[in-house]
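Peer 1: Here you go, this is structure.pdb (PDB, C-alpha atoms).
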MODEL        1
ATOM      1  CA  MET A   1      10.381  80.537-129.880
ATOM      2  CA  ASN A   2       6.619  80.946-130.017
ATOM      3  CA  LYS A   3       5.438  82.191-126.604
ATOM      4  CA  LYS A   4       2.041  80.488-126.823
ATOM      5  CA  ALA A   5       1.472  77.844-124.167
ATOM      6  CA  VAL A   6      -0.471  75.623-126.580
ATOM      7  CA  THR A   7      -0.302  75.299-130.359
ATOM      8  CA  ALA A   8      -1.366  72.685-132.895
ATOM      9  CA  THR A   9       0.082  71.134-136.010
ATOM     10  CA  GLU A  10      -1.644  71.709-139.349
ATOM     11  CA  MET A  11      -2.772  68.063-139.343
ATOM     12  CA  ALA A  12      -4.351  68.495-135.909
ATOM     13  CA  LEU A  13      -6.121  71.680-137.019
ATOM     14  CA  GLU A  14      -7.529  69.921-140.093
ATOM     15  CA  PHE A  15      -8.745  67.018-137.943
ATOM     16  CA  LEU A  16     -10.259  69.490-135.484
ATOM     17  CA  LYS A  17     -12.216  71.107-138.347
ATOM     18  CA  GLN A  18     -13.728  67.689-139.107
ATOM     19  CA  ILE A  19     -14.693  67.206-135.446
ATOM     20  CA  GLN A  20     -16.207  70.715-135.300
ATOM     21  CA  ALA A  21     -18.160  70.158-138.526
ATOM     22  CA  GLU A  22     -19.786  67.115-136.939
ATOM     23  CA  HIS A  23     -20.149  68.278-133.312
ATOM     24  CA  GLY A  24     -20.097  72.088-133.353
ATOM     25  CA  SER A  25     -18.116  74.051-130.770
ATOM     26  CA  VAL A  26     -15.676  71.973-128.721
ATOM     27  CA  ILE A  27     -13.244  72.366-125.850
ATOM     28  CA  PHE A  28     -10.070  70.492-124.961
ATOM     29  CA  HIS A  29      -8.979  69.365-121.530
ATOM     30  CA  GLN A  30      -5.554  67.924-120.640
ATOM     31  CA  SER A  31      -5.799  66.151-117.305
ATOM     32  CA  GLY A  32      -2.548  64.230-117.040
ATOM     33  CA  GLY A  33      -4.587  61.377-115.636
ATOM     34  CA  CYS A  34      -3.265  57.894-115.168
ATOM     35  CA  CYS A  35      -4.960  56.382-118.199
ATOM     36  CA  ASP A  36      -3.646  58.441-121.089
ATOM     37  CA  GLY A  37      -2.026  61.688-120.011
ATOM     38  CA  SER A  38      -0.549  62.226-123.490
ATOM     39  CA  SER A  39      -3.995  62.593-125.067
ATOM     40  CA  PRO A  40      -6.024  65.716-124.574
ATOM     41  CA  MET A  41      -9.737  65.027-124.358
ATOM     42  CA  CYS A  42     -12.007  66.801-126.833
ATOM     43  CA  PHE A  43     -15.589  67.467-125.707
ATOM     44  CA  ALA A  44     -18.621  69.174-127.187
ATOM     45  CA  ASP A  45     -18.919  72.604-125.599
ATOM     46  CA  GLY A  46     -20.984  72.257-122.417
ATOM     47  CA  GLU A  47     -20.370  68.491-122.055
ATOM     48  CA  PHE A  48     -17.440  68.823-119.635
ATOM     49  CA  ILE A  49     -17.628  70.657-116.325
ATOM     50  CA  LEU A  50     -14.496  72.683-115.670
ATOM     51  CA  ALA A  51     -13.152  72.822-112.124
ATOM     52  CA  ASP A  52     -12.081  76.005-110.365
ATOM     53  CA  HIS A  53      -8.452  74.841-110.545
ATOM     54  CA  ASP A  54      -8.456  74.205-114.322
ATOM     55  CA  VAL A  55      -6.240  76.648-116.241
ATOM     56  CA  LYS A  56      -7.016  77.946-119.724
ATOM     57  CA  LEU A  57      -3.778  77.769-121.730
ATOM     58  CA  GLY A  58      -5.194  79.289-124.888
ATOM     59  CA  GLU A  59      -7.074  78.168-127.973
ATOM     60  CA  ILE A  60      -6.392  75.958-130.957
ATOM     61  CA  GLY A  61      -8.574  76.235-134.037
ATOM     62  CA  GLY A  62     -11.003  78.403-132.073
ATOM     63  CA  ALA A  63     -11.426  75.758-129.353
ATOM     64  CA  PRO A  64     -10.482  76.670-125.765
ATOM     65  CA  PHE A  65      -7.753  74.454-124.303
ATOM     66  CA  TYR A  66      -7.672  73.795-120.548
ATOM     67  CA  ILE A  67      -5.326  71.850-118.311
ATOM     68  CA  GLY A  68      -5.892  70.539-114.802
ATOM     69  CA  GLY A  69      -4.359  72.755-112.107
ATOM     70  CA  LYS A  70      -2.015  70.112-110.695
ATOM     71  CA  GLN A  71      -0.846  69.182-114.184
ATOM     72  CA  TYR A  72      -0.322  72.860-114.971
ATOM     73  CA  GLU A  73       2.013  73.205-111.970
ATOM     74  CA  VAL A  74       4.143  70.369-113.358
ATOM     75  CA  TRP A  75       4.003  71.552-116.990
ATOM     76  CA  LYS A  76       3.902  75.351-116.589
ATOM     77  CA  HIS A  77       7.290  75.712-118.314
ATOM     78  CA  THR A  78       6.241  73.445-121.167
ATOM     79  CA  ARG A  79       4.704  74.428-124.480
ATOM     80  CA  LEU A  80       2.093  71.901-125.578
ATOM     81  CA  ILE A  81       1.912  71.030-129.256
ATOM     82  CA  ILE A  82      -1.285  69.224-130.184
ATOM     83  CA  ASP A  83      -0.834  66.722-132.995
ATOM     84  CA  VAL A  84      -2.921  63.924-134.485
ATOM     85  CA  VAL A  85      -1.856  60.305-134.976
ATOM     86  CA  ASP A  86      -3.533  57.075-136.008
ATOM     87  CA  GLY A  87      -5.137  55.288-133.084
ATOM     88  CA  GLN A  88      -8.015  55.138-130.670
ATOM     89  CA  GLY A  89      -9.113  58.321-128.905
ATOM     90  CA  GLY A  90     -10.076  58.494-125.237
ATOM     91  CA  MET A  91     -13.340  56.778-124.326
ATOM     92  CA  PHE A  92     -15.297  60.021-123.890
ATOM     93  CA  SER A  93     -13.317  62.157-126.333
ATOM     94  CA  LEU A  94     -14.907  63.140-129.650
ATOM     95  CA  ASP A  95     -11.939  61.704-131.556
ATOM     96  CA  ASN A  96     -12.866  58.214-130.313
ATOM     97  CA  GLY A  97     -13.975  55.909-133.127
ATOM     98  CA  THR A  98     -12.480  58.000-135.931
ATOM     99  CA  GLY A  99      -9.293  55.954-136.336
ATOM    100  CA  LYS A 100      -7.268  59.002-135.298
ATOM    101  CA  ARG A 101      -6.579  60.666-131.982
ATOM    102  CA  PHE A 102      -5.177  63.899-130.692
ATOM    103  CA  LEU A 103      -1.761  63.625-129.037
ATOM    104  CA  THR A 104       0.097  66.114-126.864
ATOM    105  CA  ARG A 105       3.741  66.656-127.672
ATOM    106  CA  SER A 106       5.802  69.016-125.566
ATOM    107  CA  GLU A 107       8.657  71.447-125.732
ATOM    108  CA  VAL A 108      10.293  72.682-122.534
ATOM    109  CA  CYS A 109      10.561  76.466-122.460
ATOM    110  CA  LYS A 110      13.547  78.355-121.125
ATOM    111  CA  VAL A 111      13.171  79.016-117.409
ATOM    112  CA  ASN A 112      14.711  82.020-115.681
ATOM    113  CA  LEU A 113      16.496  80.547-112.632
ATOM    114  CA  LYS A 114      17.610  83.792-110.941
TER     115      LYS A 114
ENDMDL
END
In structure tokens, how does this file's structure come out?
Peer 2:
Amino acid sequence: MNKKAVTATEMALEFLKQIQAEHGSVIFHQSGGCCDGSSPMCFADGEFILADHDVKLGEIGGAPFYIGGKQYEVWKHTRLIIDVVDGQGGMFSLDNGTGKRFLTRSEVCKVNLK
């Protein structure tokens, strides 16, 4: 199994290229909030203030991917797979209004229970 904590499908990477072509450098943040915890938010670099407890999981398509600290504690044994589907993006996310949205799928990783 791929050891990366976050990866993306080819479709998501192609969609991300479109977003980057229009908006420049971007970051992702997965909050696990009440409204749409399955959708990572995509922001122009510098438009979202990271908290001290946010955890950087890695990068997809050159874009840093962060997760809220409390959500990380719940999902730390989960590999996130960023995909794209038809639909409405989050209100402040750059995918909003495109007719597509990023979606987080997950795969539970093997946990050593010694």
Peer 1: Could you build a table of the residues in segment 2-33 of chain A lying no more than 8 Å from segment 43-63 of chain A, giving for each the nearest pair of atoms and their separation in Å rounded to one decimal place, using only C-alpha atoms, ordered by chain and ascending residue number, as JSON lines?
Peer 2:
{"residue": "A:Lys4", "atom": "CA", "partner": "A:Gly58", "partner_atom": "CA", "distance": 7.6}
{"residue": "A:Ala5", "atom": "CA", "partner": "A:Leu57", "partner_atom": "CA", "distance": 5.8}
{"residue": "A:Val6", "atom": "CA", "partner": "A:Gly58", "partner_atom": "CA", "distance": 6.2}
{"residue": "A:Thr7", "atom": "CA", "partner": "A:Ile60", "partner_atom": "CA", "distance": 6.2}
{"residue": "A:Ala8", "atom": "CA", "partner": "A:Ile60", "partner_atom": "CA", "distance": 6.3}
{"residue": "A:Leu13", "atom": "CA", "partner": "A:Gly61", "partner_atom": "CA", "distance": 6.0}
{"residue": "A:Leu16", "atom": "CA", "partner": "A:Gly61", "partner_atom": "CA", "distance": 7.1}
{"residue": "A:Lys17", "atom": "CA", "partner": "A:Gly61", "partner_atom": "CA", "distance": 7.6}
{"residue": "A:His23", "atom": "CA", "partner": "A:Ala44", "partner_atom": "CA", "distance": 6.4}
{"residue": "A:Gly24", "atom": "CA", "partner": "A:Ala44", "partner_atom": "CA", "distance": 7.0}
{"residue": "A:Ser25", "atom": "CA", "partner": "A:Asp45", "partner_atom": "CA", "distance": 5.4}
{"residue": "A:Val26", "atom": "CA", "partner": "A:Ala44", "partner_atom": "CA", "distance": 4.3}
{"residue": "A:Ile27", "atom": "CA", "partner": "A:Ala63", "partner_atom": "CA", "distance": 5.2}
{"residue": "A:Phe28", "atom": "CA", "partner": "A:Phe43", "partner_atom": "CA", "distance": 6.3}
Peer 1: What would the file look like if the residues just selected were written as a CSV table (one decimal), keeping the file's coordinate frame with C-alpha atoms?
Peer 2:
chain,number,residue,atom,x,y,z
A,4,LYS,CA,2.0,80.5,-126.8
A,5,ALA,CA,1.5,77.8,-124.2
A,6,VAL,CA,-0.5,75.6,-126.6
A,7,THR,CA,-0.3,75.3,-130.4
A,8,ALA,CA,-1.4,72.7,-132.9
A,13,LEU,CA,-6.1,71.7,-137.0
A,16,LEU,CA,-10.3,69.5,-135.5
A,17,LYS,CA,-12.2,71.1,-138.3
A,23,HIS,CA,-20.1,68.3,-133.3
A,24,GLY,CA,-20.1,72.1,-133.4
A,25,SER,CA,-18.1,74.1,-130.8
A,26,VAL,CA,-15.7,72.0,-128.7
A,27,ILE,CA,-13.2,72.4,-125.8
A,28,PHE,CA,-10.1,70.5,-125.0
Peer 1: So, with all atoms listed in the file as the atoms that count, which of A:Thr98, A:Ser39, A:Gln18, A:Thr104 lies closest to Thr78 of chain A?
Peer 2: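 Checking each of A:Thr98, A:Ser39, A:Gln18, A:Thr104 against Thr78 of chain A, counting all atoms listed in the file, the winner is A:Thr104.
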Peer 1: Name the residues that the PyMOL selection byres ((chain A and resi 101) around 12) picks from the file above, as a PyMOL selection string, using the file's chain letters and numbers.
Peer 2: chain A and resi 11-12+15-16+19+36+38-42+82-100+102-104
Peer 1: Please report the interatomic distance between atom CA of Thr9 of chain A and atom CA of Gln30 of chain A in Å with one decimal.
Peer 2: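 Atom CA of Thr9 of chain A sits 16.7 Å away from atom CA of Gln30 of chain A.
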Peer 1: Between atom CA of His77 of chain A and atom CA of His29 of chain A, measure the distance and give it in Å to one decimal.
Peer 2: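 Taking atom CA of His77 of chain A and atom CA of His29 of chain A, their separation equals 17.8 Å.
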Peer 1: Expand the PyMOL selection byres ((chain A and resi 106) around 8) into the explicit residue set it covers here, and present it as number ranges by chain.
Peer 2: A: 78-81, 104-105, 107-108
Peer 1: Take the PyMOL selection byres ((chain A and resi 68) around 6), run it mentally on this structure, and tell me the resulting residues as a list in words.
Peer 2: Ser31, Asp54, Ile67, Gly69, Lys70 and Gln71 of chain A
Peer 1: Any chance you could export the current selection's C-alpha atoms as an mmCIF file, in the frame of the given file?
Peer 2:
data_model
loop_
_atom_site.group_PDB
_atom_site.id
_atom_site.type_symbol
_atom_site.label_atom_id
_atom_site.label_comp_id
_atom_site.auth_asym_id
_atom_site.auth_seq_id
_atom_site.Cartn_x
_atom_site.Cartn_y
_atom_site.Cartn_z
ATOM 1 C CA SER A 31 -5.799 66.151 -117.305
ATOM 2 C CA ASP A 54 -8.456 74.205 -114.322
ATOM 3 C CA ILE A 67 -5.326 71.850 -118.311
ATOM 4 C CA GLY A 69 -4.359 72.755 -112.107
ATOM 5 C CA LYS A 70 -2.015 70.112 -110.695
ATOM 6 C CA GLN A 71 -0.846 69.182 -114.184
#
Peer 1: Go ahead and fit an axis-aligned box to every listed atom of segment 90-106 of chain A plus 8 Å each side, and pass me the centre and edge lengths in Å, one decimal, as AutoDock Vina command-line options.
Peer 2:
--center_x -4.7 --center_y 62.5 --center_z -130.1 --size_x 37.1 --size_y 29.1 --size_z 28.4
